[in-house]
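Student: Got a structure here, written out as structure tokens. Questions coming.
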Amino acid sequence: MKKCSVIIPTYNGANKILSLIRALSIQTTNDFETIVVVDGSNDDTVQVLEQNKSLLRELRIINQPNKGRAGARNTGAAYAQCDLLIFFDDDIEPDPDCIQQHILHHSTINESLMFGKLLMDNRETKNDFYQYRYSNEVRWIEPFGTTNKKISFDQFAITTQNMSMSKSIFNSLQGFDERLRDSEDFDLGVRALLKDVPVYYNPKAFAWHRDFVDISAYMKRQTEYYIAKKELLKMHPDYLQLLPKHFAFMQKKSYSKRLIAGLFHYHVFWNYFIHSGLFLKTFPQRLRFRLYEILIFSNSVL
């Protein structure tokens, strides 16, 4: 019997999902099934998957009307034939032993939820903004260390981009909340801890994040994330007391912060400036990265 079910939600992912399929084809274990849930896509995702089906031992393609990431993951879990569920997003490239690391974790720490290490893929590009994101993500994960770490409300983090749990745990949590179009992973992690389900970060289960979007698209996504967090808090007001730092962005902004938001509102000038030779060649990296940070903060949080 196969050891795990790999579940991949995708929406219009024709131009990126093949990288993930190829990465799955060279895993150190092939003892898994792959379920791709095509969530109301209107591109060529299904055709790309069908043309490359032979790369994997077992690939099932589920086509459904759009339900959002939470709904797509729930569909994949419902079709899964194995007890261990591994979730990857469609823009992820797991290391060759990533699936094996998920399996090893659950063989030693049963009935837990685990998420692996994830970094922006900076291997094949010198794009300055991508390098900023890579640097930022390295800084974000550093406090979690280099060994298996148990997560708590005091040091909370979670991501479903590279996550695994048993089917029994998934069912006990009633899956992902399909009312949420974002922050569904945050919500799942909180509910897991409230039910005393152990949550772990395991850096050995590593994957690259091939999310090659420009700063404008990134700011839009961050805005959607913060809007979803506000909606989540309406649904679960108790989350504020559990994780106050994660909702600090909702506090009333000072005059100085509102002024900063106005000065750094992203328009034609900033778009031209951060792509100019003057900025990229003469400004030191530290200042360039600081400007990206201010622009993102001013155009998504403030």
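Identifiers in this document derive from the order of the structure tokens: chains are assigned A, B, ..., residues are numbered from 1 separately in each chain, and ligands are numbered from 1 in order of occurrence.
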Using DSSP secondary structure from the backbone, list all helix (DSSP H, G or I) positions within range 46-224 of chain A, as a ChimeraX atom specification.
Tutor: /A:46-51,53-55,68-79,98-108,128-144,167-172,184-194,215-224
Student: Can you tell me which residues surround Phe115 in chain A at a distance of at most 6 Å, considering only C-alpha atoms, apart from same-chain residues fewer than 2 positions away, and format the answer as JSON, numbers by chain?
Tutor: {"A": [162, 163, 201]}
Student: Hey, could you make a per-residue contact list for range 43-86 of chain A against range 2-9 of chain A with 7 Å as the cut-off, showing the nearest pair of atoms and its distance in Å to one decimal, counting only C-alpha atoms, sorted by chain and number, as a tab-separated table?
Tutor:
residue	atom	partner	partner_atom	distance
A:Arg69	CA	A:Pro9	CA	6.2
A:Ala72	CA	A:Pro9	CA	5.4
A:Arg73	CA	A:Pro9	CA	5.8
A:Gly76	CA	A:Ile7	CA	5.7
A:Ala80	CA	A:Ser5	CA	5.8
A:Gln81	CA	A:Ser5	CA	6.8
A:Cys82	CA	A:Cys4	CA	5.1
A:Asp83	CA	A:Cys4	CA	6.4
A:Leu84	CA	A:Cys4	CA	4.7
A:Leu85	CA	A:Ser5	CA	5.0
A:Ile86	CA	A:Val6	CA	4.7
Student: Extract, using only C-alpha atoms, all DNA, RNA and protein residues at most 10 Å from Thr146 in chain A, discarding same-chain residues fewer than 4 positions from it, and format them as an MDAnalysis selection string.
Tutor: chainID A and resid 117 141:142 201:204
Student: Can you pull out every residue within 10 Å of Gln64 in chain A, counting only C-alpha atoms, but drop anything in the same chain fewer than 6 positions away, and send it as a ChimeraX atom specification?
Tutor: /A:37-41,71-72,75
Student: From the DSSP assignment of the backbone, select every residue of range 148-231 of chain A that is strand (DSSP E), and format the answer as a PyMOL selection string.
Tutor: chain A and resi 149-150+162-166+199-209
Student: Residues near Arg288 in chain A, anyone? I mean within 9 Å using only C-alpha atoms, not counting same-chain ones fewer than 2 positions away, as a list in words.
Tutor: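 Everything that qualifies: Asp128, Phe129, Tyr132, Ile274, Phe279, Leu280, Phe283, Pro284, Gln285, Arg286, Arg290, Leu291, Tyr292 and Glu293 of chain A.
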Student: Take CA of His106 in chain A and CA of Phe156 in chain A and report the distance between them in Å, one decimal.
Tutor: 20.4 Å
Student: What's the separation between CA of Ile21 in chain A and CA of Phe206 in chain A, in Å to one decimal place?
Tutor: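 We find that CA of Ile21 in chain A and CA of Phe206 in chain A lie 15.9 Å from each other.
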Student: Using only C-alpha atoms, what table do you get, as CSV, when you list each residue of range 4-34 of chain A with an atom no more than 8 Å from range 96-103 of chain A, its nearest pair of atoms, and their distance in Å rounded to one decimal, rows by chain then rising number?
Tutor:
residue,atom,partner,partner_atom,distance
A:Cys4,CA,A:Ile103,CA,7.7
A:Ala23,CA,A:Pro96,CA,6.9
A:Leu24,CA,A:Pro96,CA,7.5
A:Ile26,CA,A:Pro96,CA,6.0
A:Gln27,CA,A:Pro96,CA,4.3
A:Thr28,CA,A:Asp97,CA,5.4
A:Thr29,CA,A:Gln100,CA,6.4
Student: Can you tell me, as a JSON list (two decimals) with N, CA and C atoms, in the first residue's frame, what residues are no more than 9 Å from range 215-232 of chain A when counting only C-alpha atoms, ignoring any on the same chain fewer than 2 positions away?
Tutor:
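What ended up in around05.json:
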[["chain", "number", "residue", "atom", "x", "y", "z"],
["A", 129, "PHE", "N", 14.18, 42.09, -6.56],
["A", 129, "PHE", "CA", 13.03, 41.92, -5.67],
["A", 129, "PHE", "C", 12.94, 40.47, -5.18],
["A", 180, "LEU", "N", -13.15, 30.77, 3.98],
["A", 180, "LEU", "CA", -11.97, 31.62, 3.87],
["A", 180, "LEU", "C", -11.34, 31.48, 2.49],
["A", 181, "ARG", "N", -11.06, 32.60, 1.85],
["A", 181, "ARG", "CA", -10.36, 32.60, 0.57],
["A", 181, "ARG", "C", -8.87, 32.80, 0.75],
["A", 182, "ASP", "N", -8.47, 33.13, 1.96],
["A", 182, "ASP", "CA", -7.07, 33.27, 2.33],
["A", 182, "ASP", "C", -6.97, 33.05, 3.84],
["A", 183, "SER", "N", -5.76, 32.90, 4.35],
["A", 183, "SER", "CA", -5.52, 32.67, 5.79],
["A", 183, "SER", "C", -6.14, 31.37, 6.29],
["A", 184, "GLU", "N", -6.50, 30.47, 5.38],
["A", 184, "GLU", "CA", -7.08, 29.20, 5.81],
["A", 184, "GLU", "C", -6.04, 28.33, 6.52],
["A", 186, "PHE", "N", -3.54, 29.60, 8.42],
["A", 186, "PHE", "CA", -3.43, 30.22, 9.75],
["A", 186, "PHE", "C", -4.54, 29.70, 10.66],
["A", 187, "ASP", "N", -5.75, 29.69, 10.14],
["A", 187, "ASP", "CA", -6.91, 29.21, 10.89],
["A", 187, "ASP", "C", -6.75, 27.74, 11.29],
["A", 213, "VAL", "N", 6.46, 36.71, -9.06],
["A", 213, "VAL", "CA", 5.56, 37.84, -9.33],
["A", 213, "VAL", "C", 6.30, 39.12, -8.99],
["A", 234, "LYS", "N", -13.31, 38.31, 12.61],
["A", 234, "LYS", "CA", -14.76, 38.44, 12.80],
["A", 234, "LYS", "C", -15.38, 37.08, 13.13],
["A", 235, "MET", "N", -14.86, 36.04, 12.49],
["A", 235, "MET", "CA", -15.37, 34.70, 12.71],
["A", 235, "MET", "C", -14.89, 34.12, 14.04],
["A", 236, "HIS", "N", -13.67, 34.51, 14.44],
["A", 236, "HIS", "CA", -13.06, 33.96, 15.66],
["A", 236, "HIS", "C", -12.44, 35.10, 16.48],
["A", 237, "PRO", "N", -13.25, 35.89, 17.17],
["A", 237, "PRO", "CA", -12.70, 37.02, 17.95],
["A", 237, "PRO", "C", -11.67, 36.60, 19.00],
["A", 239, "TYR", "N", -9.21, 34.74, 18.63],
["A", 239, "TYR", "CA", -7.87, 34.65, 18.07],
["A", 239, "TYR", "C", -7.02, 35.87, 18.44],
["A", 246, "HIS", "N", -0.10, 38.96, 15.71],
["A", 246, "HIS", "CA", -0.48, 38.65, 14.33],
["A", 246, "HIS", "C", -1.63, 39.52, 13.84],
["A", 247, "PHE", "N", -2.25, 40.27, 14.76],
["A", 247, "PHE", "CA", -3.33, 41.17, 14.36],
["A", 247, "PHE", "C", -3.00, 42.62, 14.69],
["A", 249, "PHE", "N", -1.53, 44.71, 12.95],
["A", 249, "PHE", "CA", -1.71, 45.59, 11.79],
["A", 249, "PHE", "C", -3.08, 46.27, 11.80],
["A", 250, "MET", "N", -4.03, 45.76, 12.58],
["A", 250, "MET", "CA", -5.38, 46.33, 12.62],
["A", 250, "MET", "C", -5.49, 47.53, 13.56],
["A", 266, "TYR", "N", 2.20, 53.45, -4.07],
["A", 266, "TYR", "CA", 2.85, 52.91, -5.27],
["A", 266, "TYR", "C", 2.17, 53.43, -6.53],
["A", 271, "ASN", "N", 7.28, 52.82, -9.46],
["A", 271, "ASN", "CA", 7.47, 51.70, -10.38],
["A", 271, "ASN", "C", 8.67, 51.93, -11.28],
["A", 292, "TYR", "N", 11.89, 48.37, -0.59],
["A", 292, "TYR", "CA", 10.87, 47.37, -0.91],
["A", 292, "TYR", "C", 9.97, 47.14, 0.31],
["A", 295, "LEU", "N", 7.61, 50.10, 0.83],
["A", 295, "LEU", "CA", 6.55, 50.13, -0.19],
["A", 295, "LEU", "C", 5.49, 49.06, 0.08],
["A", 296, "ILE", "N", 5.92, 47.87, 0.42],
["A", 296, "ILE", "CA", 4.97, 46.79, 0.71],
["A", 296, "ILE", "C", 4.13, 47.15, 1.94],
["A", 297, "PHE", "N", 4.79, 47.62, 2.98],
["A", 297, "PHE", "CA", 4.09, 48.00, 4.21],
["A", 297, "PHE", "C", 3.08, 49.12, 3.95],
["A", 299, "ASN", "N", 1.59, 49.97, 1.17],
["A", 299, "ASN", "CA", 0.55, 49.68, 0.19],
["A", 299, "ASN", "C", -0.26, 48.42, 0.48],
["A", 300, "SER", "N", -0.03, 47.80, 1.63],
["A", 300, "SER", "CA", -0.83, 46.64, 1.99],
["A", 300, "SER", "C", -1.31, 46.71, 3.43],
["A", 301, "VAL", "N", -0.45, 47.14, 4.35],
["A", 301, "VAL", "CA", -0.82, 47.17, 5.76],
["A", 301, "VAL", "C", -1.47, 48.49, 6.13]]
Student: To one decimal in Å, tell me the separation between CA of Phe32 in chain A and CA of Ile109 in chain A.
Tutor: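 According to the coordinates, CA of Phe32 in chain A and CA of Ile109 in chain A are separated by 19.5 Å.
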Student: With only C-alpha atoms as the counted atoms, please give the residues lying no more than 7 Å from His209 in chain A, apart from itself and same-chain residues fewer than 6 positions off, as a list in words.
Tutor: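 In the requested format, the answer is Asp91, Ile92, Glu93, Leu118, Leu119, Met120 and Asp121 of chain A.
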Student: Keeping N, CA and C atoms, export the residues of the selection given above as an mmCIF file, in the first residue's frame.
Tutor:
data_model
loop_
_atom_site.group_PDB
_atom_site.id
_atom_site.type_symbol
_atom_site.label_atom_id
_atom_site.label_comp_id
_atom_site.auth_asym_id
_atom_site.auth_seq_id
_atom_site.Cartn_x
_atom_site.Cartn_y
_atom_site.Cartn_z
ATOM 1 N N ASP A 91 3.094 26.069 -6.961
ATOM 2 C CA ASP A 91 4.324 26.784 -7.309
ATOM 3 C C ASP A 91 5.492 26.371 -6.414
ATOM 4 N N ILE A 92 5.414 25.146 -5.891
ATOM 5 C CA ILE A 92 6.431 24.609 -4.993
ATOM 6 C C ILE A 92 7.312 23.604 -5.731
ATOM 7 N N GLU A 93 8.600 23.607 -5.429
ATOM 8 C CA GLU A 93 9.509 22.593 -5.955
ATOM 9 C C GLU A 93 10.208 21.911 -4.775
ATOM 10 N N LEU A 118 10.571 26.498 3.659
ATOM 11 C CA LEU A 118 10.196 27.025 2.351
ATOM 12 C C LEU A 118 10.967 28.318 2.123
ATOM 13 N N LEU A 119 11.585 28.442 0.952
ATOM 14 C CA LEU A 119 12.300 29.670 0.629
ATOM 15 C C LEU A 119 12.000 30.083 -0.810
ATOM 16 N N MET A 120 11.931 31.393 -1.034
ATOM 17 C CA MET A 120 11.783 31.926 -2.375
ATOM 18 C C MET A 120 12.931 31.434 -3.250
ATOM 19 N N ASP A 121 12.617 30.935 -4.427
ATOM 20 C CA ASP A 121 13.621 30.364 -5.318
ATOM 21 C C ASP A 121 14.450 31.482 -5.953
#
Student: Give the answer as one residue: which of A:Asn110, A:Ser152, A:Thr160, A:Asn12 has the shortest atom-to-atom distance to Leu194 in chain A, using only C-alpha atoms?
Tutor: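 For Leu194 in chain A, the nearest of the candidates is A:Ser152.
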